[in-house]
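Please read the structure below before turning to the comments.
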Amino acid sequence: MAIRKIVLQGDEILTKVCKPVTKFDQKLHDLLDDMKDTLEQANGAGLAAPQVGILRRAVVVLDDDEAVLELVNPEIVFTEGEQCGPEGCLSVPGKYGMVTRPNRVRVRAQDRSGQWFEAEGVGLTARAFCHELEHLDGHLYVEHIDRFLTEEELVAYYREQGYDMDEEGEE
């Protein structure tokens, strides 16, 4: 297992549509393991294969219980409600913008062995499902924002939501 380099906005790989995974082999297992390690090291909520330079339909997402879900060939099968909040991306470091997403999302995906399953998330997990699956089609969250938030606006938003923030905006 290894930490992979995260591709940054401006790299054309982030604008390409990913190919479906057809081989559920050790190479895929290594990719998923590396993506989990990279996500943990970067302290993110999700990571898509193109963000580590691989054009395959695979993502890892933290679920509502902070466990890492591996989603291979995922698709959204149900959405409900709406939420609007600040969103960032490991490929667009240090920048956030307000994005409206569904509040509840169910995805259908394959696991690392190729078995189909469904997973559902609300709030941040629903947001992460939508965000990461967009990466698989060559899109970034910045396509949904009017402007980036200032650090003061971000801190004010989280304080308003009841998060205890220190002077640097950390929880």
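Simple scheme: letters A, B, ... for chains in structure tokens order, numbers from 1 for residues in each chain, numbers from 1 for ligands in the order shown.
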
**OP:** Write out as a PyMOL selection string all residues of segment 7-170 of chain A that DSSP puts in alpha helix (DSSP H) for this structure's backbone.
**Re:** chain A and resi 26-42+124-135+151-160

Since we have the selection now, will you write its residues out, keeping C-alpha atoms, as a compact mmCIF listing (two decimals), in the first residue's frame?
```
# COMPACT_ATOMS: atom_id res chain seq x y z
CA GLN A 26 -4.87 -7.57 -7.65
CA LYS A 27 -4.15 -4.41 -9.65
CA LEU A 28 -7.62 -3.08 -8.72
CA HIS A 29 -7.16 -4.18 -5.09
CA ASP A 30 -3.83 -2.33 -4.93
CA LEU A 31 -5.42 0.79 -6.44
CA LEU A 32 -8.28 0.74 -3.90
CA ASP A 33 -5.86 0.15 -1.00
CA ASP A 34 -3.61 2.99 -2.18
CA MET A 35 -6.64 5.28 -2.60
CA LYS A 36 -7.75 4.54 0.97
CA ASP A 37 -4.24 5.29 2.28
CA THR A 38 -4.05 8.47 0.22
CA LEU A 39 -7.50 9.60 1.40
CA GLU A 40 -6.59 8.99 5.03
CA GLN A 41 -3.26 10.80 4.71
CA ALA A 42 -4.95 13.78 3.01
CA LEU A 124 -21.79 14.77 4.03
CA THR A 125 -21.80 11.19 2.72
CA ALA A 126 -24.48 12.05 0.15
CA ARG A 127 -22.41 15.09 -0.85
CA ALA A 128 -19.29 12.93 -1.18
CA PHE A 129 -21.10 10.35 -3.35
CA CYS A 130 -22.18 13.09 -5.78
CA HIS A 131 -18.83 14.87 -5.73
CA GLU A 132 -16.71 11.75 -6.33
CA LEU A 133 -18.96 10.28 -9.01
CA GLU A 134 -18.74 13.58 -10.92
CA HIS A 135 -14.95 13.09 -11.06
CA GLU A 151 -11.66 31.93 4.85
CA GLU A 152 -13.76 34.32 6.97
CA GLU A 153 -16.95 33.22 5.19
CA LEU A 154 -16.05 29.56 5.66
CA VAL A 155 -15.36 29.99 9.39
CA ALA A 156 -18.58 32.02 9.81
CA TYR A 157 -20.60 29.29 8.06
CA TYR A 158 -19.25 26.53 10.32
CA ARG A 159 -19.75 28.61 13.47
CA GLU A 160 -23.33 29.28 12.33
```

Original post:
If you run DSSP on the backbone, which residues of segment 72-127 of chain A are strand (DSSP E), as a PyMOL selection string?
Top reply: chain A and resi 72-80+83-89+92-101+104-110+116-122

Original post:
Hey, what's within 6 Å of segment 94-105 of chain A if we count only C-alpha atoms and toss same-chain stuff fewer than 4 positions away? As a PyMOL selection string, please?
Top reply: chain A and resi 78-88+120-123+126+145+148-149

Hey, can you spit out that residue selection with all heavy atoms as a compact mmCIF listing (two decimals), in the first residue's frame?
```txt
# COMPACT_ATOMS: atom_id res chain seq x y z
N PHE A 78 -30.79 6.86 -6.62
CA PHE A 78 -31.87 7.53 -5.91
C PHE A 78 -31.31 8.76 -5.22
O PHE A 78 -30.22 8.72 -4.65
CB PHE A 78 -32.47 6.59 -4.85
CG PHE A 78 -33.47 7.24 -3.93
CD1 PHE A 78 -34.78 7.45 -4.33
CD2 PHE A 78 -33.08 7.65 -2.67
CE1 PHE A 78 -35.69 8.05 -3.47
CE2 PHE A 78 -33.99 8.26 -1.80
CZ PHE A 78 -35.30 8.46 -2.21
N THR A 79 -32.06 9.86 -5.29
CA THR A 79 -31.72 11.06 -4.52
C THR A 79 -32.99 11.61 -3.90
O THR A 79 -34.09 11.39 -4.41
CB THR A 79 -31.07 12.15 -5.40
OG1 THR A 79 -32.01 12.61 -6.36
CG2 THR A 79 -29.80 11.66 -6.08
N GLU A 80 -32.80 12.34 -2.80
CA GLU A 80 -33.95 12.94 -2.11
C GLU A 80 -33.48 14.18 -1.36
O GLU A 80 -32.37 14.21 -0.81
CB GLU A 80 -34.53 11.93 -1.13
CG GLU A 80 -35.73 12.41 -0.36
CD GLU A 80 -36.25 11.32 0.57
OE1 GLU A 80 -35.62 11.10 1.61
OE2 GLU A 80 -37.27 10.70 0.22
N GLY A 81 -34.31 15.20 -1.35
CA GLY A 81 -34.03 16.39 -0.58
C GLY A 81 -32.94 17.25 -1.19
O GLY A 81 -32.50 17.03 -2.33
N GLU A 82 -32.52 18.23 -0.40
CA GLU A 82 -31.52 19.17 -0.88
C GLU A 82 -30.74 19.72 0.30
O GLU A 82 -31.28 19.91 1.39
CB GLU A 82 -32.23 20.31 -1.62
CG GLU A 82 -31.32 21.31 -2.27
CD GLU A 82 -32.08 22.35 -3.07
OE1 GLU A 82 -32.46 22.05 -4.22
OE2 GLU A 82 -32.31 23.45 -2.53
N GLN A 83 -29.46 19.94 0.08
CA GLN A 83 -28.59 20.59 1.06
C GLN A 83 -27.69 21.55 0.30
O GLN A 83 -27.35 21.32 -0.85
CB GLN A 83 -27.74 19.56 1.80
CG GLN A 83 -26.84 18.73 0.89
CD GLN A 83 -25.85 17.87 1.64
OE1 GLN A 83 -25.13 18.36 2.50
NE2 GLN A 83 -25.82 16.58 1.30
N CYS A 84 -27.33 22.63 0.95
CA CYS A 84 -26.40 23.58 0.37
C CYS A 84 -25.34 23.86 1.41
O CYS A 84 -25.65 24.17 2.56
CB CYS A 84 -27.12 24.87 -0.03
SG CYS A 84 -26.02 26.02 -0.90
N GLY A 85 -24.08 23.70 1.02
CA GLY A 85 -23.01 23.93 1.96
C GLY A 85 -21.68 24.06 1.26
O GLY A 85 -21.57 23.86 0.05
N PRO A 86 -20.65 24.41 2.04
CA PRO A 86 -19.33 24.57 1.45
C PRO A 86 -18.76 23.22 1.02
O PRO A 86 -18.94 22.21 1.69
CB PRO A 86 -18.50 25.18 2.58
CG PRO A 86 -19.24 24.91 3.83
CD PRO A 86 -20.66 24.69 3.47
N GLU A 87 -18.11 23.24 -0.12
CA GLU A 87 -17.51 22.02 -0.65
C GLU A 87 -16.10 22.35 -1.10
O GLU A 87 -15.84 23.42 -1.64
CB GLU A 87 -18.36 21.52 -1.82
CG GLU A 87 -18.09 20.10 -2.20
CD GLU A 87 -19.19 19.52 -3.08
OE1 GLU A 87 -20.38 19.58 -2.68
OE2 GLU A 87 -18.85 19.01 -4.17
N GLY A 88 -15.21 21.41 -0.87
CA GLY A 88 -13.83 21.53 -1.31
C GLY A 88 -13.43 20.26 -2.02
O GLY A 88 -14.24 19.35 -2.20
N GLU A 120 -26.26 3.79 0.96
CA GLU A 120 -26.99 5.04 1.05
C GLU A 120 -26.30 5.95 2.05
O GLU A 120 -25.76 5.49 3.05
CB GLU A 120 -28.44 4.77 1.49
CG GLU A 120 -29.34 5.96 1.35
CD GLU A 120 -30.80 5.61 1.48
OE1 GLU A 120 -31.28 4.72 0.74
OE2 GLU A 120 -31.47 6.23 2.33
N GLY A 121 -26.33 7.23 1.75
CA GLY A 121 -25.74 8.21 2.66
C GLY A 121 -26.59 9.45 2.73
O GLY A 121 -27.35 9.76 1.80
N VAL A 122 -26.47 10.16 3.85
CA VAL A 122 -27.14 11.44 4.04
C VAL A 122 -26.08 12.49 4.38
O VAL A 122 -24.97 12.15 4.80
CB VAL A 122 -28.23 11.38 5.14
CG1 VAL A 122 -29.34 10.43 4.76
CG2 VAL A 122 -27.64 10.99 6.48
N GLY A 123 -26.45 13.75 4.19
CA GLY A 123 -25.55 14.83 4.55
C GLY A 123 -24.22 14.76 3.83
O GLY A 123 -24.17 14.70 2.60
N ALA A 126 -23.74 11.83 1.39
CA ALA A 126 -24.48 12.05 0.15
C ALA A 126 -23.72 13.04 -0.74
O ALA A 126 -23.59 12.83 -1.95
CB ALA A 126 -25.89 12.58 0.45
N ILE A 145 -20.12 26.37 -8.60
CA ILE A 145 -20.05 27.52 -7.69
C ILE A 145 -20.04 28.83 -8.46
O ILE A 145 -19.62 28.89 -9.62
CB ILE A 145 -18.82 27.45 -6.76
CG1 ILE A 145 -17.51 27.58 -7.54
CG2 ILE A 145 -18.84 26.17 -5.93
CD1 ILE A 145 -16.27 27.72 -6.67
N PHE A 148 -15.40 31.36 -5.09
CA PHE A 148 -14.81 30.71 -3.93
C PHE A 148 -15.14 31.51 -2.69
O PHE A 148 -15.30 32.73 -2.74
CB PHE A 148 -13.28 30.61 -4.08
CG PHE A 148 -12.85 29.62 -5.12
CD1 PHE A 148 -12.28 30.03 -6.30
CD2 PHE A 148 -13.01 28.26 -4.90
CE1 PHE A 148 -11.87 29.11 -7.27
CE2 PHE A 148 -12.62 27.33 -5.86
CZ PHE A 148 -12.05 27.76 -7.04
N LEU A 149 -15.28 30.81 -1.55
CA LEU A 149 -15.52 31.46 -0.26
C LEU A 149 -14.21 31.98 0.31
O LEU A 149 -13.17 31.34 0.14
CB LEU A 149 -16.13 30.46 0.73
CG LEU A 149 -17.49 29.87 0.38
CD1 LEU A 149 -17.85 28.76 1.36
CD2 LEU A 149 -18.55 30.94 0.38
```

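With only C-alpha atoms as the atoms that count, the minimum distance from Val7 of chain A to the choices A:Thr150, A:Gln161, A:Ser91, A:Thr22 is reached by A:Ser91.
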